[in-house]
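Chemist: What follows is the file run_11.cif, containing mmCIF, C-alpha atoms:
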data_query
loop_
_atom_site.label_atom_id
_atom_site.label_comp_id
_atom_site.auth_asym_id
_atom_site.auth_seq_id
_atom_site.Cartn_x
_atom_site.Cartn_y
_atom_site.Cartn_z
CA MET A 1 80.02 92.54 109.18
CA ARG A 2 79.68 94.03 105.76
CA LEU A 3 80.58 91.81 102.84
CA LEU A 4 82.12 92.61 99.48
CA SER A 5 78.71 93.46 98.03
CA LYS A 6 78.89 96.81 99.90
CA LEU A 7 82.39 97.63 98.72
CA GLY A 8 81.23 100.16 96.15
CA GLY A 9 79.44 102.29 98.75
CA LEU A 10 82.24 101.95 101.24
CA LEU A 11 84.84 103.07 98.75
CA LEU A 12 82.69 106.04 97.81
CA ALA A 13 82.68 106.95 101.47
CA THR A 14 86.44 106.57 101.46
CA GLY A 15 86.71 109.38 98.98
CA VAL A 16 84.75 111.59 101.36
CA PHE A 17 86.57 110.75 104.56
CA SER A 18 90.03 110.41 103.05
CA SER A 19 92.36 113.15 104.38
CA ALA A 20 89.44 115.12 105.82
CA SER A 21 87.89 113.24 108.74
CA PHE A 22 91.03 113.29 110.82
CA ALA A 23 92.38 116.66 109.82
CA ALA A 24 91.20 118.16 113.10
CA ASP A 25 92.86 115.46 115.21
CA GLN A 26 95.91 114.33 113.28
CA LYS A 27 97.30 116.37 110.45
CA ASP A 28 97.68 114.49 107.15
CA SER A 29 96.05 111.33 108.54
CA LEU A 30 93.90 109.29 106.19
CA LEU A 31 91.05 106.92 106.78
CA LEU A 32 90.52 104.30 104.08
CA THR A 33 87.90 101.60 103.89
CA GLY A 34 88.83 98.26 102.38
CA VAL A 35 87.98 94.59 102.48
CA VAL A 36 89.75 91.43 103.47
CA SER A 37 91.11 89.55 100.47
CA SER A 38 93.51 86.71 99.89
CA ALA A 39 96.82 86.84 98.10
CA LYS A 40 95.88 83.43 96.70
CA SER A 41 92.87 84.19 94.59
CA GLN A 42 91.34 83.56 91.18
CA ILE A 43 89.50 86.18 89.16
CA VAL A 44 87.24 84.88 86.39
CA THR A 45 86.94 87.25 83.44
CA ALA A 46 84.64 87.06 80.45
CA PRO A 47 86.40 85.41 77.48
CA ARG A 48 86.72 86.97 74.04
CA THR A 49 84.26 85.56 71.49
CA ASP A 50 83.11 86.42 67.98
CA ARG A 51 80.49 88.72 69.52
CA TRP A 52 80.99 91.86 71.55
CA GLN A 53 79.07 90.34 74.45
CA VAL A 54 78.71 86.87 75.95
CA GLN A 55 75.99 85.66 78.30
CA ILE A 56 76.68 83.95 81.61
CA GLN A 57 74.73 80.70 81.73
CA TRP A 58 75.64 79.66 85.26
CA LEU A 59 77.62 80.89 88.27
CA ALA A 60 78.52 79.12 91.48
CA GLU A 61 76.44 80.41 94.39
CA GLU A 62 77.93 83.44 96.10
CA GLY A 63 79.43 82.62 99.48
CA LYS A 64 79.72 78.93 98.67
CA VAL A 65 83.09 77.41 99.48
CA VAL A 66 84.29 75.58 96.39
CA GLN A 67 87.15 73.16 96.08
CA LYS A 68 89.95 73.30 93.57
CA GLY A 69 88.71 71.76 90.31
CA ASP A 70 85.02 72.51 90.92
CA LEU A 71 83.05 74.13 88.10
CA ILE A 72 82.39 77.78 88.99
CA THR A 73 81.35 79.57 85.78
CA VAL A 74 79.74 78.61 82.48
CA PHE A 75 79.44 81.10 79.63
CA ASP A 76 77.07 80.69 76.70
CA GLY A 77 78.81 78.87 73.87
CA GLY A 78 75.83 78.19 71.63
CA GLY A 79 77.05 80.42 68.81
CA ILE A 80 80.59 79.06 68.93
CA GLN A 81 79.32 75.46 69.10
CA SER A 82 77.15 76.03 66.03
CA GLN A 83 80.06 77.52 64.07
CA LEU A 84 82.31 74.71 65.22
CA GLU A 85 79.90 72.07 63.91
CA GLN A 86 79.61 73.91 60.59
CA ASN A 87 83.37 74.15 60.25
CA GLU A 88 83.81 70.47 61.10
CA GLU A 89 81.33 69.56 58.36
CA SER A 90 83.09 71.92 55.95
CA LEU A 91 86.42 70.33 56.84
CA GLU A 92 85.18 66.88 55.87
CA THR A 93 83.79 68.32 52.62
CA GLN A 94 87.08 70.04 51.85
CA LYS A 95 89.04 66.84 52.48
CA LEU A 96 86.82 64.98 50.01
CA GLN A 97 87.19 67.89 47.59
CA LEU A 98 90.97 67.61 47.91
CA VAL A 99 90.85 63.96 46.84
CA LYS A 100 88.66 64.83 43.86
CA THR A 101 90.85 67.81 42.93
CA GLU A 102 93.97 65.65 43.04
CA MET A 103 92.33 63.02 40.82
CA ASP A 104 91.05 65.57 38.27
CA LEU A 105 94.29 67.54 38.05
CA ASN A 106 96.44 64.41 37.91
CA GLN A 107 94.24 63.17 35.07
CA SER A 108 94.85 66.44 33.22
CA VAL A 109 98.59 65.97 33.64
CA VAL A 110 98.39 62.36 32.40
CA GLU A 111 96.45 63.49 29.33
CA ALA A 112 99.02 66.24 28.67
CA GLU A 113 101.84 63.71 29.00
CA GLY A 114 100.05 61.43 26.53
CA LYS A 115 99.72 64.24 23.99
CA LEU A 116 103.41 65.02 24.37
CA LYS A 117 104.41 61.40 23.82
CA LEU A 118 102.26 61.28 20.70
CA ALA A 119 103.80 64.54 19.48
CA VAL A 120 107.31 63.14 20.03
CA ILE A 121 106.47 60.02 18.00
CA THR A 122 104.98 62.17 15.23
CA VAL A 123 108.16 64.27 15.12
CA LYS A 124 110.32 61.17 14.77
CA LYS A 125 108.12 59.79 11.98
CA THR A 126 107.96 63.05 10.01
CA ARG A 127 111.70 63.60 10.46
CA ILE A 128 112.41 60.25 8.77
CA GLU A 129 110.12 61.13 5.87
CA ALA A 130 111.58 64.64 5.58
CA ASN A 131 115.11 63.17 5.39
CA ILE A 132 114.42 60.93 2.38
CA PRO A 133 117.17 61.65 -0.18
CA ASP A 134 116.33 63.79 -3.14
CA GLY A 135 115.44 61.78 -6.23
CA GLU A 136 113.70 58.99 -4.38
CA VAL A 137 110.50 61.01 -4.13
CA SER A 138 109.11 63.86 -6.14
CA ASN A 139 109.72 67.44 -5.09
CA TYR A 140 106.02 67.71 -4.31
CA GLU A 141 106.14 64.76 -1.90
CA LYS A 142 109.40 66.06 -0.46
CA GLY A 143 107.74 69.40 0.29
CA LYS A 144 104.75 67.71 1.94
CA TYR A 145 107.05 65.73 4.22
CA GLN A 146 108.99 68.86 5.19
CA ILE A 147 105.81 70.76 6.04
CA ALA A 148 104.52 67.81 8.10
CA TYR A 149 107.81 67.68 10.01
CA GLU A 150 107.70 71.38 10.83
CA ARG A 151 104.05 71.07 11.89
CA ALA A 152 104.99 68.11 14.15
CA LEU A 153 107.73 70.18 15.76
CA MET A 154 105.22 72.95 16.50
CA GLU A 155 102.77 70.44 17.98
CA LYS A 156 105.52 69.02 20.16
CA ILE A 157 106.40 72.48 21.51
CA LYS A 158 102.71 73.14 22.12
CA ALA A 159 102.32 69.79 23.94
CA GLU A 160 105.33 70.59 26.15
CA GLU A 161 103.78 73.95 27.12
CA GLU A 162 100.42 72.30 27.84
CA LEU A 163 102.16 69.74 30.07
CA LYS A 164 103.92 72.49 32.03
CA LEU A 165 100.62 74.36 32.45
CA ALA A 166 98.83 71.19 33.56
CA GLN A 167 101.55 70.42 36.11
CA ALA A 168 101.49 74.01 37.45
CA ALA A 169 97.68 73.98 37.62
CA ARG A 170 97.83 70.69 39.53
CA ASP A 171 100.36 72.01 42.06
CA VAL A 172 98.51 75.30 42.58
CA GLY A 173 95.08 73.66 42.77
CA ILE A 174 96.18 71.06 45.31
CA GLN A 175 98.09 73.61 47.37
CA LYS A 176 95.10 75.96 47.38
CA GLN A 177 92.82 73.19 48.57
CA LYS A 178 95.28 72.24 51.32
CA ILE A 179 95.43 75.87 52.47
CA GLU A 180 91.64 75.92 52.79
CA ILE A 181 91.84 72.77 54.91
CA ILE A 182 94.56 74.29 57.12
CA LYS A 183 92.49 77.46 57.63
CA LEU A 184 89.44 75.44 58.60
CA GLN A 185 91.48 73.29 60.97
CA GLU A 186 92.95 76.38 62.64
CA ASN A 187 89.45 77.86 63.06
CA ILE A 188 88.24 74.59 64.55
CA ASP A 189 91.18 74.45 66.99
CA TYR A 190 90.56 78.07 68.00
CA GLN A 191 86.83 77.51 68.52
CA ARG A 192 87.50 74.39 70.59
CA SER A 193 89.88 76.39 72.77
CA GLN A 194 87.17 79.05 73.13
CA LEU A 195 84.66 76.43 74.24
CA ASP A 196 87.16 75.17 76.82
CA LYS A 197 87.44 78.71 78.22
CA LEU A 198 83.66 79.01 78.51
CA SER A 199 83.60 76.45 81.31
CA VAL A 200 85.81 77.66 84.16
CA VAL A 201 86.92 75.55 87.12
CA ALA A 202 88.32 76.74 90.43
CA GLU A 203 92.09 77.01 90.70
CA VAL A 204 92.01 77.52 94.48
CA SER A 205 89.69 76.38 97.27
CA GLY A 206 87.67 79.08 99.00
CA PRO A 207 84.47 81.14 99.04
CA VAL A 208 82.90 82.52 95.87
CA THR A 209 82.21 86.22 95.37
CA HIS A 210 80.22 87.67 92.50
CA MET A 211 81.70 90.87 91.05
CA MET A 212 79.90 94.17 90.51
CA HIS A 213 78.56 95.19 87.11
CA PRO A 214 80.69 98.14 85.93
CA TRP A 215 77.67 100.04 84.59
CA ASN A 216 74.89 99.63 87.15
CA SER A 217 76.88 98.64 90.26
CA GLN A 218 74.74 95.53 90.75
CA LYS A 219 75.97 92.02 91.34
CA ILE A 220 76.68 90.05 88.19
CA ALA A 221 74.45 86.98 88.03
CA ALA A 222 73.53 84.15 85.67
CA GLY A 223 71.85 85.52 82.56
CA THR A 224 73.90 88.71 82.55
CA ASN A 225 75.47 89.78 79.25
CA VAL A 226 79.09 90.79 79.80
CA GLU A 227 81.87 92.08 77.62
CA ALA A 228 85.27 90.49 77.11
CA SER A 229 87.69 90.94 80.06
CA TRP A 230 84.94 91.97 82.50
CA LYS A 231 85.47 90.49 85.97
CA VAL A 232 82.50 88.28 86.83
CA LEU A 233 83.55 86.12 89.78
CA ALA A 234 86.31 85.69 92.34
CA VAL A 235 87.44 82.73 94.43
CA GLN A 236 89.72 83.54 97.35
CA ALA A 237 91.67 81.06 99.40
CA GLN A 238 91.02 80.97 103.14
CA SER A 239 94.61 81.90 103.89
CA SER A 240 97.27 84.51 103.07
CA TYR A 241 94.89 87.31 104.09
CA GLN A 242 95.52 90.93 103.27
CA VAL A 243 93.47 94.10 102.87
CA SER A 244 92.46 95.45 99.49
CA THR A 245 91.48 99.10 99.18
CA TRP A 246 91.56 102.10 96.87
CA VAL A 247 93.07 105.49 97.58
CA HIS A 248 92.17 108.78 95.89
CA GLU A 249 94.83 110.21 93.61
CA ILE A 250 95.13 113.30 95.84
CA ASP A 251 95.99 111.14 98.86
CA ALA A 252 98.16 108.64 97.00
CA VAL A 253 101.19 110.97 97.09
CA LYS A 254 101.16 110.75 100.91
CA LEU A 255 101.52 106.98 100.92
CA VAL A 256 105.27 106.41 100.94
CA PRO A 257 105.59 102.76 102.09
CA ASP A 258 108.57 103.35 104.41
CA ASP A 259 107.21 106.57 105.90
CA VAL A 260 103.67 105.65 106.94
CA SER A 261 102.14 103.76 109.84
CA LEU A 262 98.97 101.76 109.31
CA THR A 263 96.39 100.62 111.84
CA LEU A 264 93.85 98.04 110.66
CA THR A 265 90.48 97.61 112.35
CA LEU A 266 87.95 95.02 111.22
CA ASP A 267 84.33 96.10 111.50
CA ALA A 268 83.52 92.66 112.88
CA TYR A 269 85.96 93.24 115.77
CA PRO A 270 85.95 97.03 116.33
CA ASP A 271 87.88 96.88 119.62
CA GLU A 272 90.89 95.15 118.11
CA HIS A 273 93.57 96.93 116.11
CA TYR A 274 96.43 95.49 114.09
CA PRO A 275 99.52 97.12 112.65
CA GLY A 276 99.96 96.78 108.92
CA HIS A 277 102.26 97.57 106.04
CA ILE A 278 101.86 98.42 102.38
CA ILE A 279 102.50 95.36 100.24
CA ASN A 280 101.90 96.97 96.90
CA MET A 281 100.36 100.08 95.38
CA SER A 282 99.48 100.16 91.69
CA SER A 283 101.59 102.50 89.63
CA GLN A 284 98.71 103.52 87.39
CA ALA A 285 95.45 105.11 88.48
CA GLU A 286 92.06 103.82 87.35
CA GLN A 287 88.84 105.68 86.74
CA LYS A 288 85.96 104.70 89.04
CA GLN A 289 82.96 106.42 87.54
CA GLN A 290 80.56 104.82 90.01
CA TRP A 291 82.37 106.67 92.80
CA SER A 292 83.39 109.99 91.21
CA ASP A 293 85.14 111.50 88.21
CA SER A 294 88.50 111.16 89.94
CA ALA A 295 91.11 108.44 89.61
CA TYR A 296 92.09 105.91 92.28
CA TYR A 297 95.08 103.73 93.03
CA HIS A 298 94.70 100.13 94.20
CA LEU A 299 96.42 99.38 97.47
CA GLU A 300 97.30 96.03 99.06
CA ILE A 301 98.03 96.00 102.78
CA GLY A 302 99.40 93.18 104.93
CA PHE A 303 98.82 92.37 108.60
CA ASP A 304 101.87 92.72 110.86
CA ALA A 305 100.35 90.86 113.80
CA LYS A 306 98.69 87.50 114.23
CA LEU A 307 94.90 87.66 114.00
CA LYS A 308 93.04 86.56 117.12
CA HIS A 309 89.76 85.73 115.44
CA PRO A 310 88.86 83.96 112.21
CA ILE A 311 88.27 86.26 109.28
CA PHE A 312 86.85 85.72 105.82
CA PRO A 313 87.29 87.37 102.43
CA GLY A 314 84.93 90.30 102.02
CA MET A 315 85.00 91.51 105.62
CA SER A 316 85.16 95.30 105.89
CA VAL A 317 88.32 96.89 107.27
CA ARG A 318 89.10 100.45 108.30
CA VAL A 319 92.65 101.53 107.56
CA HIS A 320 94.05 104.44 109.55
CA VAL A 321 97.06 105.86 107.72
CA ASP A 322 99.38 108.15 109.66
CA PRO A 323 102.25 109.50 107.54
CA GLN A 324 103.70 111.24 110.61
CA GLY A 325 103.25 108.30 113.02
CA SER A 326 105.63 105.61 114.08
CA GLN A 327 105.46 101.89 114.45
CA THR A 328 106.00 102.28 118.17
CA ALA A 329 102.84 104.36 118.50
CA ILE A 330 100.85 101.75 116.59
CA ASN A 331 102.17 98.92 118.73
CA LYS A 332 101.14 100.90 121.82
CA THR A 333 97.66 101.33 120.37
CA VAL A 334 97.45 97.61 119.71
CA GLN A 335 98.51 96.77 123.26
CA GLU A 336 95.97 99.19 124.75
CA GLY A 337 93.22 97.77 122.56
CA ASN A 338 93.99 94.24 123.67
#
Show me the file's structure as structure tokens.
Modeler:
Amino acid sequence: MRLLSKLGGLLLATGVFSSASFAADQKDSLLLTGVVSSAKSQIVTAPRTDRWQVQIQWLAEEGKVVQKGDLITVFDGGGIQSQLEQNEESLETQKLQLVKTEMDLNQSVVEAEGKLKLAVITVKKTRIEANIPDGEVSNYEKGKYQIAYERALMEKIKAEEELKLAQAARDVGIQKQKIEIIKLQENIDYQRSQLDKLSVVAEVSGPVTHMMHPWNSQKIAAGTNVEASWKVLAVQAQSSYQVSTWVHEIDAVKLVPDDVSLTLTLDAYPDEHYPGHIINMSSQAEQKQQWSDSAYYHLEIGFDAKLKHPIFPGMSVRVHVDPQGSQTAINKTVQEGN
């Protein structure tokens, strides 16, 4: 029984055998190599952080059967935690600064209001003096009173403008400080959500499988630096089994779901054969540089007969695809094998 760790090599072999190995015996037949997977599965991917890579601190042991809710992956959050603490301290500072800003700017408005009140009183006083009837005071005194009145009017206008400026400065200053607080709070909320994503728990119960590194084709392990969206770990339920495989782009055109017959043979039980059907084939090809320069389509295949032996995710499966075959022929093969 070959586990998922050998999938890369098996799929490379698939590219070699596909549409060629059986050309002499059955025209247009394909032989694919896949693995048992579960339709109920969880794929853990590396989260996006402020850095282009994140380190894996801990992974659940490969092959271990975990229960729903168990911790399965922990990513390094030291940098995010440090920034979060700094932002939380800055938030408290900004809140205190807001109180001080409000006090200072409100004081400026109060002072401007006081100057305006004084200017209004001065205008009233100088207006009375400027309105003294002619003859009661000399022309010289009359002129002084008139000049003082006009100067008081100017000071009142100036005080009104200063009050408007003080009020505007208060509103803008307070609003600006509140915006800084909102920005910090949003950063804190985002960083907390990032920290939550750095500790991943199982969503289904089943065995753990470590994924392959996309560059060196080695198993991803604790201590590995990974990039955002890289697949690092899978948990597959021990039910709803299907076969996962990849088909070369040249052979993909032959796989019309309603016009092909599939025979599935598990390497663990080579004398038993099961009919199958195509559940889904991806509509977009993917590059698999570790196999070749060609593109491949992901294929999901279901079992059409009840399995006689227990199987587990990761078991190797050979898939015989016969575009010219019939379901009757496959059922006959199954009966003969049993």
Chemist: Find the residues around Ile311 of chain A up to 10 Å (only C-alpha atoms counted), leave out those fewer than 5 positions away in its own chain, and share them as a list of chain:residue names.
Modeler: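 Near Ile311 of chain A, the qualifying residues are A:Val36, A:Ser37, A:Gln238, A:Ser239, A:Tyr241, A:Leu266, A:Ala268, A:Tyr269.
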Chemist: Write out as a list in words each polymer residue whose atoms come within 10 Å of segment 154-159 of chain A, counting only C-alpha atoms; drop sequence neighbours fewer than 5 positions from it.
Modeler: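 Counting only C-alpha atoms, the residues come to Ala112, Glu113, Gly114, Lys115, Leu116, Lys117, Leu118, Ala119, Val120, Ile121, Thr122, Val123, Ala148, Tyr149, Lys164 and Leu165 of chain A.
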Chemist: Once you count all atoms listed in the file, which residues end up no further than 7 Å from (91.7, 77.4, 93.1) in the file's frame, shown as a list in words?
Modeler: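 Residues found, by chain and rising number: Gln42, Gln67, Lys68, Gly69, Ala202, Glu203, Val204, Ser205 and Val235 of chain A.
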Chemist: Report, in Å with one decimal, the straight-line distance from atom CA of Asp251 of chain A to atom CA of Ile279 of chain A.
Modeler: 17.1 Å
Chemist: Excluding same-chain residues fewer than 2 positions from Leu195 of chain A, what lies within 8 Å of it counting all atoms listed in the file, as a PyMOL selection string?
Modeler: chain A and resi 77+80-81+191-193+197-199
Chemist: To verify the selection step, state as a list in words which residues the PyMOL selection byres ((chain A and resi 286) around 7) yields on this input.
Modeler: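 Applied to this file, the PyMOL selection byres ((chain A and resi 286) around 7) selects Gln284, Ala285, Gln287, Lys288, Ala295, Tyr296 and Tyr297 of chain A.
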Chemist: Selection in question (the file shown): the PyMOL selection byres ((chain A and resi 76) around 8). Which residues does it include, as number ranges by chain?
Modeler: A: 54-57, 74-75, 77-79, 198
Chemist: Dump C-alpha atoms for the selected residues as a PDB file, in the frame of the given file?
Modeler:
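Listing of result.pdb after writing:
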ATOM      1  CA  VAL A  54      78.710  86.870  75.950  1.00  0.00           C
ATOM      2  CA  GLN A  55      75.990  85.660  78.300  1.00  0.00           C
ATOM      3  CA  ILE A  56      76.680  83.950  81.610  1.00  0.00           C
ATOM      4  CA  GLN A  57      74.730  80.700  81.730  1.00  0.00           C
ATOM      5  CA  VAL A  74      79.740  78.610  82.480  1.00  0.00           C
ATOM      6  CA  PHE A  75      79.440  81.100  79.630  1.00  0.00           C
ATOM      7  CA  GLY A  77      78.810  78.870  73.870  1.00  0.00           C
ATOM      8  CA  GLY A  78      75.830  78.190  71.630  1.00  0.00           C
ATOM      9  CA  GLY A  79      77.050  80.420  68.810  1.00  0.00           C
ATOM     10  CA  LEU A 198      83.660  79.010  78.510  1.00  0.00           C
TER      11      LEU A 198
END
Chemist: Of the candidates A:Tyr145, A:Trp246, A:Trp215, A:Tyr274, which one gets nearest to Lys125 of chain A if we count all atoms listed in the file?
Modeler: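 Closest to Lys125 of chain A, using all atoms listed in the file: A:Tyr145.
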Chemist: Which residues come within 8 Å of Lys142 of chain A, counting only C-alpha atoms, excluding same-chain residues fewer than 4 positions away, as a PyMOL selection string?
Modeler: chain A and resi 130+132+134+137-138+146
Chemist: Can you spell out as a list in words the set of residues that the PyMOL selection byres ((chain A and resi 62-65) around 7) selects in the structure I just provided?
Modeler: Ala60, Glu61, Val66, Gln67, Gly206, Pro207, Val208, Thr209 and His210 of chain A
Chemist: Tell me, in Å to one decimal, how far atom CA of Gln218 of chain A is from atom CA of Glu249 of chain A.
Modeler: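 Distance between the two atoms: 25.0 Å.
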Chemist: If we count only C-alpha atoms and set the cut-off at 10 Å, which residues sit around Ala39 of chain A, ignoring sequence neighbours fewer than 4 positions away in its own chain? Please answer as a short mmCIF file (atom, residue, chain, number, x, y, z; two decimals) with C-alpha atoms, keeping the file's coordinate frame.
Modeler:
data_model
loop_
_atom_site.label_atom_id
_atom_site.label_comp_id
_atom_site.auth_asym_id
_atom_site.auth_seq_id
_atom_site.Cartn_x
_atom_site.Cartn_y
_atom_site.Cartn_z
CA GLN A 236 89.72 83.54 97.35
CA ALA A 237 91.67 81.06 99.40
CA GLN A 238 91.02 80.97 103.14
CA SER A 239 94.61 81.90 103.89
CA SER A 240 97.27 84.51 103.07
CA TYR A 241 94.89 87.31 104.09
CA GLN A 242 95.52 90.93 103.27
CA VAL A 243 93.47 94.10 102.87
CA SER A 244 92.46 95.45 99.49
CA GLU A 300 97.30 96.03 99.06
CA GLY A 302 99.40 93.18 104.93
#
Chemist: Could you tell me how far atom CA of Asp50 of chain A lies from atom CA of Leu96 of chain A, in Å and to one decimal?
Modeler: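 Rounded to one decimal, the two atoms are 28.2 Å apart.
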Chemist: Nearest residue to Ser217 of chain A out of A:Gln289, A:Leu59, A:Asp258, A:His273, using only C-alpha atoms?
Modeler: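 For Ser217 of chain A, the nearest of the given residues is A:Gln289.
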Chemist: Around segment 154-167 of chain A, fit a box with edges along x, y and z, padding it by 6 Å on each side, then list its centre and edge lengths in Å to one decimal as lines of an AutoDock Vina configuration file.
Modeler:
center_x = 102.6
center_y = 71.7
center_z = 26.3
size_x = 19.6
size_y = 17.3
size_z = 31.6
Chemist: Measuring between all atoms listed in the file, which one of A:Asp259, A:Val172, A:Gly223, A:Ser229 shows the shortest distance to Thr49 of chain A?
Modeler: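 Ranked by minimum distance to Thr49 of chain A, first place goes to A:Ser229.
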Chemist: Taking only C-alpha atoms into account, name the residue in A:Glu272, A:Asp293, A:Asp267, A:Glu85 that is nearest to Met315 of chain A.
Modeler: A:Asp267
Chemist: Quick one: of A:Asn87, A:Val35, A:Trp58, A:His309, who's nearest to Glu186 of chain A, counting only C-alpha atoms?
Modeler: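 Using only C-alpha atoms, the shortest distance to Glu186 of chain A belongs to A:Asn87.
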